[in-house]
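Containing mmCIF, C-alpha atoms: upload.cif.
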```cif
data_start
#
loop_
_atom_site.label_atom_id
_atom_site.label_comp_id
_atom_site.auth_asym_id
_atom_site.auth_seq_id
_atom_site.Cartn_x
_atom_site.Cartn_y
_atom_site.Cartn_z
CA MET A 1108 -60.37 -9.75 35.98
CA THR A 1109 -57.80 -9.83 33.25
CA VAL A 1110 -55.38 -7.35 34.84
CA SER A 1111 -55.05 -9.52 37.90
CA ASP A 1112 -54.09 -12.42 35.63
CA ALA A 1113 -50.77 -10.71 34.81
CA TRP A 1114 -48.79 -12.03 37.76
CA PRO A 1115 -50.17 -15.60 37.75
CA LEU A 1116 -49.44 -15.70 34.01
CA GLN A 1117 -45.85 -14.61 34.61
CA GLN A 1118 -45.49 -17.38 37.18
CA THR A 1119 -46.74 -19.93 34.65
CA VAL A 1120 -44.34 -18.66 32.00
CA TYR A 1121 -41.45 -18.53 34.46
CA SER A 1122 -42.07 -22.12 35.52
CA ALA A 1123 -42.05 -23.33 31.91
CA VAL A 1124 -38.97 -21.35 30.89
CA ALA A 1125 -37.01 -22.10 34.05
CA GLY A 1126 -37.77 -25.79 33.56
CA ALA A 1127 -36.41 -25.67 30.02
CA MET A 1128 -33.30 -23.73 31.06
CA ALA A 1129 -32.43 -25.84 34.11
CA ALA A 1130 -30.61 -28.49 32.08
CA GLU A 1131 -28.63 -25.74 30.35
CA GLY A 1132 -27.59 -24.16 33.62
CA VAL A 1133 -29.12 -20.86 32.51
CA GLU A 1134 -30.84 -18.65 35.09
CA VAL A 1135 -34.14 -16.88 34.43
CA PHE A 1136 -34.83 -13.39 35.74
CA ASP A 1137 -37.64 -10.86 35.45
CA HIS A 1138 -35.29 -7.92 35.95
CA VAL A 1139 -31.83 -6.79 34.96
CA PRO A 1140 -29.46 -8.76 37.20
CA THR A 1141 -26.49 -7.14 38.86
CA ASN A 1142 -23.26 -8.49 37.34
CA PRO A 1143 -25.19 -10.63 34.83
CA PRO A 1144 -23.84 -14.08 33.99
CA ALA A 1145 -22.52 -15.00 30.54
CA GLU A 1146 -25.88 -16.54 29.63
CA TYR A 1147 -29.25 -15.70 31.06
CA VAL A 1148 -32.92 -15.37 30.16
CA ARG A 1149 -35.12 -12.47 31.13
CA LEU A 1150 -38.90 -12.18 31.21
CA GLU A 1151 -39.47 -8.68 29.90
CA GLY A 1152 -42.29 -6.35 30.84
CA SER A 1153 -45.73 -7.40 29.66
CA ASN A 1154 -48.72 -5.47 28.41
CA ILE A 1155 -52.46 -6.07 28.07
CA ASP A 1156 -54.72 -4.89 25.25
CA ASP A 1157 -58.46 -4.88 25.77
CA ASN A 1158 -60.12 -7.81 24.01
CA SER A 1159 -63.42 -7.82 25.87
CA TRP A 1160 -66.75 -9.11 24.73
CA LYS A 1161 -69.72 -6.96 25.67
CA ASP A 1162 -70.48 -9.16 28.64
CA THR A 1163 -67.01 -10.48 29.51
CA GLU A 1164 -63.84 -8.58 30.32
CA ARG A 1165 -60.83 -10.09 28.59
CA GLY A 1166 -57.36 -8.99 27.67
CA ARG A 1167 -54.73 -9.97 25.13
CA HIS A 1168 -51.60 -10.38 27.24
CA SER A 1169 -48.27 -9.97 25.46
CA VAL A 1170 -45.32 -11.85 26.88
CA VAL A 1171 -41.75 -11.09 25.78
CA ILE A 1172 -38.86 -13.39 26.68
CA SER A 1173 -35.26 -12.51 25.94
CA ALA A 1174 -32.14 -14.65 26.00
CA PHE A 1175 -28.66 -13.13 26.31
CA THR A 1176 -25.19 -14.50 25.69
CA ARG A 1177 -22.22 -12.26 26.34
CA PRO A 1178 -18.50 -12.48 27.00
CA VAL A 1179 -17.45 -12.20 30.62
CA GLY A 1180 -14.19 -11.44 32.34
CA THR A 1181 -11.52 -9.78 30.26
CA SER A 1182 -12.73 -11.09 26.89
CA VAL A 1183 -14.33 -8.58 24.58
CA SER A 1184 -14.95 -10.97 21.68
CA SER A 1185 -18.50 -11.42 20.51
CA VAL A 1186 -19.85 -14.90 21.17
CA GLY A 1187 -21.86 -15.18 17.95
CA GLN A 1188 -25.48 -16.24 17.51
CA SER A 1189 -25.31 -20.01 17.69
CA ARG A 1190 -25.86 -20.33 21.41
CA VAL A 1191 -28.56 -17.67 21.71
CA LYS A 1192 -30.53 -19.24 18.88
CA ALA A 1193 -30.27 -22.63 20.58
CA LEU A 1194 -31.60 -21.12 23.81
CA CYS A 1195 -34.46 -19.47 21.89
CA GLY A 1196 -35.37 -22.85 20.43
CA LEU A 1197 -35.61 -24.39 23.88
CA ILE A 1198 -37.68 -21.47 25.18
CA HIS A 1199 -40.02 -21.72 22.21
CA ASP A 1200 -40.55 -25.45 22.71
CA ALA A 1201 -41.50 -24.77 26.32
CA VAL A 1202 -43.85 -21.84 25.69
CA LYS A 1203 -45.42 -22.21 22.24
CA ASP A 1204 -48.35 -24.39 23.36
CA LEU A 1205 -48.46 -23.31 26.98
CA ARG A 1206 -51.94 -23.00 28.46
CA HIS A 1207 -52.98 -20.74 31.29
CA GLY A 1208 -56.57 -20.59 32.49
CA LYS A 1209 -58.70 -20.90 29.36
CA GLY A 1210 -56.05 -19.33 27.15
CA ARG A 1211 -53.34 -20.80 24.95
CA MET A 1212 -50.12 -19.13 23.93
CA GLN A 1213 -49.85 -17.82 20.37
CA PHE A 1214 -46.35 -17.28 18.95
CA GLU A 1215 -45.89 -13.89 17.30
CA PHE A 1216 -42.24 -13.48 16.36
CA MET A 1217 -38.59 -14.04 17.19
CA ASN A 1218 -35.83 -11.51 16.70
CA VAL A 1219 -32.09 -12.14 17.15
CA GLU A 1220 -29.61 -9.30 17.07
CA SER A 1221 -26.49 -7.87 18.64
CA ASP A 1222 -27.04 -5.65 21.63
CA ASN A 1223 -25.86 -2.05 21.67
CA ASP A 1224 -22.55 -3.01 23.26
CA GLY A 1225 -21.63 -4.93 20.10
CA VAL A 1226 -20.58 -8.13 21.85
CA THR A 1227 -23.80 -9.38 23.44
CA SER A 1228 -26.16 -11.49 21.36
CA MET A 1229 -29.81 -11.19 22.23
CA GLY A 1230 -32.78 -13.27 21.12
CA MET A 1231 -36.28 -12.03 21.80
CA LEU A 1232 -39.50 -14.03 21.50
CA ARG A 1233 -42.98 -12.60 21.77
CA TYR A 1234 -46.19 -14.49 22.53
CA THR A 1235 -49.78 -13.48 23.21
CA ILE A 1236 -52.54 -15.15 25.16
CA ILE A 1237 -56.14 -14.07 25.70
CA LEU A 1238 -57.35 -14.23 29.30
CA MET B 987 -74.56 5.51 26.41
CA SER B 988 -72.44 2.93 24.67
CA GLY B 989 -72.98 0.38 21.91
CA LYS B 990 -71.52 -2.10 24.36
CA ASP B 991 -74.63 -1.75 26.53
CA TYR B 992 -76.96 -3.28 23.93
CA MET B 993 -77.05 -7.04 24.05
CA VAL B 994 -79.12 -9.86 22.59
CA TYR B 995 -81.16 -12.21 24.75
CA LEU B 996 -83.16 -15.28 23.75
CA LYS B 997 -86.11 -16.68 25.67
CA ASP B 998 -85.22 -19.86 27.52
CA ASP B 999 -88.35 -21.55 26.10
CA GLY B 1000 -88.40 -19.69 22.79
CA LEU B 1001 -91.72 -18.04 23.68
CA VAL B 1002 -92.72 -14.52 24.66
CA GLY B 1003 -93.29 -15.46 28.30
CA GLY B 1004 -89.92 -17.12 28.77
CA VAL B 1005 -86.92 -15.88 30.70
CA ASP B 1006 -84.48 -13.55 28.94
CA THR B 1007 -81.23 -15.48 28.56
CA LEU B 1008 -78.09 -13.62 27.62
CA ILE B 1009 -76.08 -15.03 24.72
CA GLU B 1010 -72.57 -15.15 26.14
CA ASP B 1011 -69.45 -13.50 24.74
CA GLN B 1012 -71.16 -11.02 22.43
CA GLY B 1013 -69.31 -8.81 19.98
CA ASP B 1014 -70.59 -6.20 17.56
CA LEU B 1015 -74.33 -5.98 16.93
CA THR B 1016 -75.91 -4.36 13.87
CA ILE B 1017 -79.67 -3.76 13.68
CA ARG B 1018 -81.31 -3.15 10.30
CA PRO B 1019 -84.80 -1.71 10.89
CA GLY B 1020 -85.67 -2.71 7.32
CA LYS B 1021 -87.37 0.36 5.93
CA PRO B 1022 -85.00 1.80 3.33
CA LEU B 1023 -85.91 4.79 1.21
CA GLU B 1024 -86.52 3.92 -2.41
CA ARG B 1025 -86.28 6.79 -4.87
CA THR B 1026 -87.66 6.58 -8.37
CA ASN B 1027 -86.72 9.19 -10.93
CA TYR B 1028 -89.03 10.14 -13.81
CA LYS B 1029 -88.39 12.38 -16.81
CA ASP B 1030 -90.43 15.11 -15.20
CA GLY B 1031 -89.84 14.51 -11.49
CA SER B 1032 -89.17 11.93 -8.82
CA LYS B 1033 -90.87 10.06 -6.02
CA THR B 1034 -89.49 8.68 -2.77
CA ALA B 1035 -91.16 5.90 -0.87
CA GLN B 1036 -90.38 3.99 2.30
CA GLY B 1037 -89.72 0.35 1.54
CA ASN B 1038 -90.27 -2.65 3.77
CA ASP B 1039 -87.49 -5.21 3.73
CA GLY B 1040 -88.34 -6.46 7.20
CA TRP B 1041 -86.45 -6.07 10.46
CA SER B 1042 -83.18 -7.98 10.80
CA ALA B 1043 -80.03 -7.93 12.86
CA SER B 1044 -76.67 -9.65 12.95
CA PHE B 1045 -74.04 -10.08 15.61
CA ASN B 1046 -71.00 -12.15 16.39
CA THR B 1047 -70.01 -14.09 19.47
CA GLY B 1048 -67.16 -16.19 20.73
CA LEU B 1049 -67.62 -19.86 21.50
CA ARG B 1050 -67.35 -20.87 25.12
CA GLU B 1051 -65.93 -24.18 26.23
CA PRO B 1052 -68.19 -25.63 27.48
CA VAL B 1053 -70.84 -23.95 25.33
CA GLY B 1054 -72.75 -21.27 27.27
CA THR B 1055 -76.46 -21.54 28.10
CA GLY B 1056 -77.40 -18.72 25.75
CA GLN B 1057 -75.13 -20.00 23.00
CA GLN B 1058 -76.81 -23.40 23.33
CA LEU B 1059 -80.19 -21.73 22.77
CA VAL B 1060 -78.79 -20.38 19.50
CA PHE B 1061 -77.72 -23.84 18.36
CA ASP B 1062 -81.00 -25.41 19.50
CA ALA B 1063 -83.01 -22.89 17.47
CA PHE B 1064 -80.71 -23.28 14.49
CA ASP B 1065 -81.13 -27.06 14.55
CA ASN B 1066 -84.92 -26.82 14.73
CA GLY B 1067 -85.98 -24.41 12.03
CA GLY B 1068 -84.60 -21.22 13.56
CA ASP B 1069 -87.64 -20.19 15.62
CA GLN B 1070 -86.92 -18.10 18.70
CA TYR B 1071 -88.09 -15.00 20.55
CA MET B 1072 -85.42 -12.36 20.94
CA VAL B 1073 -84.97 -9.28 23.07
CA ILE B 1074 -82.35 -6.63 22.43
CA LYS B 1075 -81.96 -4.31 25.36
CA SER B 1076 -79.65 -2.22 27.44
CA LEU B 1077 -79.72 -2.31 31.22
CA THR B 1078 -79.86 1.49 31.13
CA SER B 1079 -83.32 2.84 31.99
CA GLY B 1080 -85.05 4.51 29.05
CA ALA B 1081 -82.90 2.84 26.40
CA ILE B 1082 -84.44 1.50 23.18
CA LYS B 1083 -85.52 -2.11 23.35
CA TYR B 1084 -86.51 -4.48 20.54
CA SER B 1085 -88.45 -7.67 21.08
CA GLY B 1086 -90.34 -10.15 18.96
CA PRO B 1087 -90.39 -13.49 17.20
CA ILE B 1088 -87.54 -14.21 14.86
CA LYS B 1089 -85.89 -16.88 12.85
CA LEU B 1090 -82.19 -17.12 13.40
CA SER B 1091 -79.31 -18.73 11.62
CA VAL B 1092 -75.69 -19.37 12.44
CA GLU B 1093 -74.25 -17.98 9.25
CA GLU B 1094 -70.63 -18.83 9.90
CA ILE B 1095 -68.44 -20.59 12.44
CA ALA B 1096 -64.81 -19.58 12.16
CA HIS B 1097 -61.90 -21.54 13.61
CA PRO B 1098 -58.85 -19.56 12.48
CA VAL B 1099 -55.24 -20.64 12.91
CA THR B 1100 -54.55 -17.39 14.74
CA GLY B 1101 -57.23 -16.36 17.16
CA GLU B 1102 -60.35 -17.88 18.58
CA PRO B 1103 -63.54 -19.54 17.32
CA ALA B 1104 -66.22 -17.03 16.34
CA LEU B 1105 -69.88 -17.30 15.37
CA GLN B 1106 -71.73 -14.99 12.99
CA ILE B 1107 -75.45 -15.02 13.81
CA GLU B 1108 -78.24 -13.58 11.70
CA MET B 1109 -81.78 -12.83 12.93
CA SER B 1110 -84.79 -11.89 10.83
CA GLU B 1111 -88.32 -10.95 11.88
CA ASP B 1112 -90.90 -13.71 11.89
CA GLY B 1113 -93.84 -11.66 13.11
CA THR B 1114 -94.01 -8.21 14.63
CA ILE B 1115 -90.88 -6.73 16.18
CA ILE B 1116 -91.84 -4.23 18.85
CA ARG B 1117 -89.63 -1.23 19.53
CA GLY B 1118 -90.08 0.10 23.04
CA THR B 1119 -87.94 1.32 25.91
CA THR B 1120 -86.44 -0.38 28.91
#
```

Encoded form (structure tokens):
Amino acid sequence: MTVSDAWPLQQTVYSAVAGAMAAEGVEVFDHVPTNPPAEYVRLEGSNIDDNSWKDTERGRHSVVISAFTRPVGTSVSSVGQSRVKALCGLIHDAVKDLRHGKGRMQFEFMNVESDNDGVTSMGMLRYTIIL
Amino acid sequence: MSGKDYMVYLKDDGLVGGVDTLIEDQGDLTIRPGKPLERTNYKDGSKTAQGNDGWSASFNTGLREPVGTGQQLVFDAFDNGGDQYMVIKSLTSGAIKYSGPIKLSVEEIAHPVTGEPALQIEMSEDGTIIRGTT
């Protein structure tokens, strides 16, 4: 059942990303943290598109991972893109060939931009896997 | 009724009395009954006749790892002249069913950079294809 793969898949992705971020001292969440730290990674919501054969139910799971860097305290200066792009590189190395069940992650795209507040840099990576 | 209900089976021994074996991971199936209309125009009229190109069908599948039992029957037939006995049927009672001796070929095996391996399989009558109901 492909829908029931959603949570185990998230656990697999979390384990890979958290492992990559541990040396950087960056926490990984799957929700918006209260009082977020200056740097953090978030596993965004996922979705599943039907990719079934006639005789086998399958789904194309999309996984979106975002990295944030933002000023904290009294500073309101933007922190630039250098750090968030470095974090995205580490996330990508950890996830790009990740296997779960019989599936293998497929990289789709990366997008780096400033968040709506104008001072937070955000990098977003999207992957798909068929399960 | 759904196109998804109609699937291709091969006999486990390649003969009419064998066990129907599902070919795993099936995608789209197209059946060509093989009797197109052929119209000939003359200066003073025209004539239409029913042709006979022969029954054929094509479908695509994924490629299991390890290879599925039904998929292995496809490769075995392909490697040995293409002879098999196919059944196309739905599990719905009263649905159209085709059965008969065929030759099959694996027309294409795709291994794309993005996506999964896929087989394109062609079947053509090699005797009488019977159309009945389940």

Original post:
Could you write out as a ChimeraX atom specification the residues of chain B within 12 Å of chain A, counting all atoms listed in the file?
Top reply: /B:988-995,1008-1015,1045-1052,1076-1077,1099-1102,1104

**OP:** Return as an NGL selection string the set of residues that the PyMOL selection byres ((chain B and resi 1063) around 12) yields on the displayed structure.
**Re:** :B and (996-1001 or 1056-1062 or 1064-1072 or 1087-1092 or 1107-1109)

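The residues caught by the PyMOL selection byres ((chain A and resi 1124-1137) around 6) in this file are Tyr1121, Ser1122, Ala1123, His1138, Tyr1147, Val1148, Arg1149, Leu1150 and Ile1198 of chain A.
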
Original post:
Which value, in Å to one decimal, gives the distance between atom CA of A:Asp1156 and atom CA of B:Ile1074?
Top reply: 27.8 Å

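The interatomic distance for the pair atom CA of A:Leu1232 and atom CA of A:Val1170 works out to 8.2 Å.
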
Original post:
Please, what distance in Å, to one decimal, runs between atom CA of A:Ser1153 and atom CA of A:Pro1115?
Top reply: 12.3 Å

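Residues matching the PyMOL selection byres ((chain A and resi 1221-1224) around 9) in this structure come to A:Phe1175, A:Ser1185, A:Gly1187, A:Gln1188, A:Val1219, A:Glu1220, A:Gly1225, A:Val1226, A:Thr1227, A:Ser1228, A:Met1229, A:Gly1230.
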
Subject >> Residue contacts of A:Met1217 (10 Å, all atoms listed in the file) excluding same-chain residues fewer than 3 positions away, as a PyMOL selection string >> reply: chain A and resi 1171-1173+1192+1195-1196+1199+1214+1230-1234

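Across A:Glu1146, A:Gly1208, A:Ile1155, A:Val1179, the tightest approach to A:Leu1194 is made by A:Glu1146 when counting all atoms listed in the file.
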